[in-house]
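Notes for the one structure printed next.
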Number of protein chains: 2
Amino acid sequence: MTETMTRYHHGDLRAAVLRRAEEVLRESGTDALSLRGIARDLGVSHAAPSAHFRDKNALFDALAVAGFRRLGEVMDAALATRGSLTDDLVTFASAYLEFATDNPALLSVMFARKHSETSGAEIAEAVAAAFAHPTALLTEGQARGEVVDGDPEVIGVTVLAAIQGLATFVGSGFVTPEQSQRMLEDVVATLMRGLAR
Amino acid sequence: MTETMTRYHHGDLRAAVLRRAEEVLRESGTDALSLRGIARDLGVSHAAPSAHFRDKNALFDALAVAGFRRLGEVMDAALATRGSLTDDLVTFASAYLEFATDNPALLSVMFARKHSETSGAEIAEAVAAAFAHPTALLTEGQARGEVVDGDPEVIGVTVLAAIQGLATFVGSGFVTPEQSQRMLEDVVATLMRGLAR
DNA sequence: ACCTGAACACCGTTCAAGT
DNA sequence: ACCTGAACACCGTTCAAGT
C-alpha cells in the first residue's frame, strides 16, 4: 500500500496550500485557482484545505496578507541603498512595478474588495508595513528640506496612488512593460515638479 | 402552454444579457456573475447566451467596453461646466471616484488583465474616449500658461494614475468613502504644487 | 440565425465517519 | 485536531437537434 504513505499527515498543509496557491496564481492566474485543484496537486483529499481555510475567500485573504508581506520585503531590499530623493522614488516605483509585472494576479487579489472583517486588520497591518519604507523617503526628504512641508501621510498617498495607478495600467495592458520604465520616470518627475507653472 | 410564450425570440438577447450582467455586477459582485444565472433571469436556456458571447471572457470584455463608455459619459457630464484648473481636476477626480464607488466590481472588470486580442482594440478606443476630456484639461491649461510645458500625454498619465490609484485604495477599503473627498483634494493639491521644495 | 436540451467535466461547501 | 469520501447544488462549455 504505497499509496497511503504521503496522504495523511502532510506536515504543514496550511503553508503548503498557500505556497501552491501562489504558484498557480503566478503561472495560470486567478481563474485557474481552485481549492480542489490545489488539494489534488498536494495529494490530499479535496476537503482537506477546509480545515485550514474556512472558504475560498479566506484563502484569498491569506494570499493578500502574504502578498503585502512579500511586497514589503521587496521594498526594504530595493531601498536598502539610498541616492537622491528622485532616484529613490524611481527605485521605489521600479520595485513596485516589477512586483506588479511578475505577480499581476496576486496584486489584484491584494487589492480585491472583499476582505473579511477578521482578516481586515491583519491585512491593514501588512499594507502599512509594506508602504512604511517608501513613505519614510518623504519624511526624510522633509527633514533635509528637500520636500514641501505638510502631513507626510497626505503627500505619501499621492505618490503611492500614482504608482499603484501606473501598476494597474501596466497590469491591464494599457501600458506595455517596455513603456513602463520611461513612464515611471516621467511620473516621478511630474510628481516632483508639480503641474502648476 | 403559457410557459413557452416568452421563451423564444427575446428580441435583443445580447443587449439584455449585458444589461442584466451589469445589474448583477453592481448588486452582487463579480463572484455572483454566472452565464447560467443570467440566462435563468432572462427566461432563456442556459446555452442561449453563447450565441452572442463566445465564452465568459467575451462577456467580461463587452462589459469592460460598456463600462469605459459609461465612464466617458460621466466625465463629459461632469466637465461640461468649467472653473479653475484645480477645481476642474477635483471635479474630474470626484466623478471618477463616484463611478468607482458606485461600480467597484465593474471597475475591476474594466482593468482586468485578460482582454482578448480582438476586443483589445475596441477597449483601447473606449479608454481613450473616456480619458479624452480630462486630458484636455491639461492641454488647455498649457495653452493658458497655467500648466508646465511638456508632452500632455506624459503629464496626463501621472494625473490619471494618481486618481486611478486612489480609486483602487477606496475600492479595496484601505481608504473609506468618507476620507476619499478629503484625500482627493489633497492629491490634486499635491499634483499641482509638486513635491520638491 | 437563434435557441433548446442533454451531456461532460469540472467547481465550492457540508458533514458523517475514521485515525 | 486533521483528514477522508460521499453527497449536494451549482458552474462553463460543447453539440446535435429543432424552428
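Identifiers for the C-alpha cells are assigned positionally: chains receive A, B, ... in sequence, residues are indexed from 1 per chain, and ligands are indexed from 1 in the order shown.
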>> Need the shell around C:DA7: protein/DNA/RNA residues with any atom at most 12 Å away, counting only C-alpha atoms (C1' of nucleotides). Skip same-chain ones fewer than 4 positions apart. Format as a PyMOL selection string?
In response: chain D and resi 13-16
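Set the cut-off at 8 Å, count only C-alpha atoms (C1' of nucleotides), and the residues of chain C near chain B turn out to be DC2, DC3 and DT4 of chain C.
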>> What are the residues of chain B lining chain A at 8 Å or less? Count only C-alpha atoms, and put the answer as a PyMOL selection string.
In response: chain B and resi 104+111-114+124+145-148+154-155+157-166+168-169+171-174+183+186-187+190-197
Quick one: everything within 8 Å of C:DC11, counting only C-alpha atoms (C1' of nucleotides), minus sequence neighbours fewer than 2 positions away in the same chain. Send it as a PDB file with N, CA and C atoms (P, O5', C5', C4', C3', O3' and C1' of nucleotides), in the first residue's frame.
```
ATOM      1  N   SER A  34      -8.201  26.835  -7.905  1.00  0.00           N
ATOM      2  CA  SER A  34      -9.320  26.128  -7.264  1.00  0.00           C
ATOM      3  C   SER A  34      -8.815  25.333  -6.082  1.00  0.00           C
ATOM      4  N   ARG A  36      -9.963  22.569  -5.001  1.00  0.00           N
ATOM      5  CA  ARG A  36      -9.878  21.160  -5.375  1.00  0.00           C
ATOM      6  C   ARG A  36      -8.598  20.867  -6.154  1.00  0.00           C
TER       7      ARG A  36
ATOM      8  P    DC D  10     -28.726  25.364  -6.554  1.00  0.00           P
ATOM      9  O5'  DC D  10     -28.067  24.862  -7.905  1.00  0.00           O
ATOM     10  C5'  DC D  10     -27.452  25.817  -8.776  1.00  0.00           C
ATOM     11  C4'  DC D  10     -25.967  25.939  -8.478  1.00  0.00           C
ATOM     12  C3'  DC D  10     -25.191  26.476  -9.653  1.00  0.00           C
ATOM     13  O3'  DC D  10     -25.186  27.891  -9.602  1.00  0.00           O
ATOM     14  C1'  DC D  10     -24.073  24.620  -8.599  1.00  0.00           C
ATOM     15  P    DC D  11     -25.456  28.753 -10.908  1.00  0.00           P
ATOM     16  O5'  DC D  11     -23.992  28.970 -11.470  1.00  0.00           O
ATOM     17  C5'  DC D  11     -23.497  28.052 -12.362  1.00  0.00           C
ATOM     18  C4'  DC D  11     -22.001  28.062 -12.359  1.00  0.00           C
ATOM     19  C3'  DC D  11     -21.454  28.140 -13.771  1.00  0.00           C
ATOM     20  O3'  DC D  11     -20.924  29.422 -13.991  1.00  0.00           O
ATOM     21  C1'  DC D  11     -20.781  26.076 -12.721  1.00  0.00           C
TER      22       DC D  11
END
```
> Can you list, as a PyMOL selection string, every residue of stretch 18-177 of chain B that DSSP puts in alpha helix (DSSP H)?
Replying inline: chain B and resi 18-28+35-42+56-78+85-102+104-110+117-143+152-172+177
> What separation in Å, quoted to one decimal, exists between atom C1' of D:DT19 and atom CA of B:Arg40?
Replying inline: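 Atom C1' of D:DT19 sits 21.2 Å away from atom CA of B:Arg40.
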>> Using Å and a single decimal, report how far atom CA of A:Ile38 sits from atom CA of A:Arg20.
In response: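 Computed distance, atom CA of A:Arg20 to atom CA of A:Ile38, equals 6.6 Å.
The gap separating atom CA of B:Ala58 from atom CA of B:Arg19 is 14.7 Å, in Å to one decimal.
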> What's the 8 Å shell around A:Arg14, counting only C-alpha atoms (C1' of nucleotides), without same-chain residues fewer than 2 positions away, as a list in words?
Replying inline: Asp12, Ala16, Val17, Leu18, Pro49, His52 and Phe53 of chain A
Okay, now the selection with C-alpha atoms, as an mmCIF file, in the first residue's frame?
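Writing the result to out36.cif gives the following:
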```cif
data_model
loop_
_atom_site.group_PDB
_atom_site.id
_atom_site.type_symbol
_atom_site.label_atom_id
_atom_site.label_comp_id
_atom_site.auth_asym_id
_atom_site.auth_seq_id
_atom_site.Cartn_x
_atom_site.Cartn_y
_atom_site.Cartn_z
ATOM 1 C CA ASP A 12 2.004 21.772 7.418
ATOM 2 C CA ALA A 16 1.684 24.022 1.518
ATOM 3 C CA VAL A 17 -1.708 25.227 0.263
ATOM 4 C CA LEU A 18 -0.596 28.850 0.415
ATOM 5 C CA PRO A 49 -7.905 22.503 2.873
ATOM 6 C CA HIS A 52 -7.248 25.491 7.376
ATOM 7 C CA PHE A 53 -9.266 27.912 5.277
#
```
> So which one's closest to A:Ala80, A:Leu137, A:Leu106, A:Glu22, A:Glu153? Using only C-alpha atoms, please.
Replying inline: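 The shortest atom-to-atom distance to A:Ala80 comes from A:Leu137.
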Skip B:Ala95 itself and residues of its chain fewer than 6 positions away, then list as a PDB file with N, CA, C and O atoms, in the first residue's frame all residues within 10 Å of it, counting only C-alpha atoms (C1' of nucleotides).
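The result, written out as around_36.pdb:
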```pdb
ATOM      1  N   LEU B  71     -18.216  55.507 -18.325  1.00  0.00           N
ATOM      2  CA  LEU B  71     -17.287  56.395 -17.617  1.00  0.00           C
ATOM      3  C   LEU B  71     -17.029  57.658 -18.425  1.00  0.00           C
ATOM      4  O   LEU B  71     -16.980  58.762 -17.877  1.00  0.00           O
ATOM      5  N   VAL B  74     -19.933  59.969 -18.061  1.00  0.00           N
ATOM      6  CA  VAL B  74     -19.888  60.600 -16.745  1.00  0.00           C
ATOM      7  C   VAL B  74     -18.889  61.760 -16.756  1.00  0.00           C
ATOM      8  O   VAL B  74     -19.146  62.843 -16.220  1.00  0.00           O
ATOM      9  N   MET B  75     -17.731  61.531 -17.383  1.00  0.00           N
ATOM     10  CA  MET B  75     -16.697  62.561 -17.477  1.00  0.00           C
ATOM     11  C   MET B  75     -17.192  63.779 -18.248  1.00  0.00           C
ATOM     12  O   MET B  75     -17.018  64.916 -17.825  1.00  0.00           O
ATOM     13  N   ASP B  76     -17.804  63.512 -19.383  1.00  0.00           N
ATOM     14  CA  ASP B  76     -18.304  64.604 -20.212  1.00  0.00           C
ATOM     15  C   ASP B  76     -19.321  65.448 -19.444  1.00  0.00           C
ATOM     16  O   ASP B  76     -19.287  66.679 -19.485  1.00  0.00           O
ATOM     17  N   ALA B  77     -20.217  64.761 -18.736  1.00  0.00           N
ATOM     18  CA  ALA B  77     -21.243  65.474 -17.976  1.00  0.00           C
ATOM     19  C   ALA B  77     -20.620  66.296 -16.854  1.00  0.00           C
ATOM     20  O   ALA B  77     -20.988  67.460 -16.644  1.00  0.00           O
ATOM     21  N   ALA B  78     -19.651  65.687 -16.151  1.00  0.00           N
ATOM     22  CA  ALA B  78     -19.041  66.362 -15.004  1.00  0.00           C
ATOM     23  C   ALA B  78     -18.256  67.589 -15.442  1.00  0.00           C
ATOM     24  O   ALA B  78     -18.244  68.613 -14.750  1.00  0.00           O
ATOM     25  N   LEU B  79     -17.607  67.502 -16.599  1.00  0.00           N
ATOM     26  CA  LEU B  79     -16.734  68.589 -17.043  1.00  0.00           C
ATOM     27  C   LEU B  79     -17.408  69.511 -18.046  1.00  0.00           C
ATOM     28  O   LEU B  79     -16.747  70.260 -18.763  1.00  0.00           O
ATOM     29  N   LEU B  89      -9.866  69.697 -11.984  1.00  0.00           N
ATOM     30  CA  LEU B  89      -9.217  68.421 -11.651  1.00  0.00           C
ATOM     31  C   LEU B  89      -9.934  67.740 -10.486  1.00  0.00           C
ATOM     32  O   LEU B  89     -10.101  66.518 -10.472  1.00  0.00           O
ATOM     33  N   THR B 101     -16.859  54.109  -6.763  1.00  0.00           N
ATOM     34  CA  THR B 101     -17.568  53.705  -5.550  1.00  0.00           C
ATOM     35  C   THR B 101     -18.900  53.043  -5.879  1.00  0.00           C
ATOM     36  O   THR B 101     -19.315  52.093  -5.224  1.00  0.00           O
TER      37      THR B 101
END
```
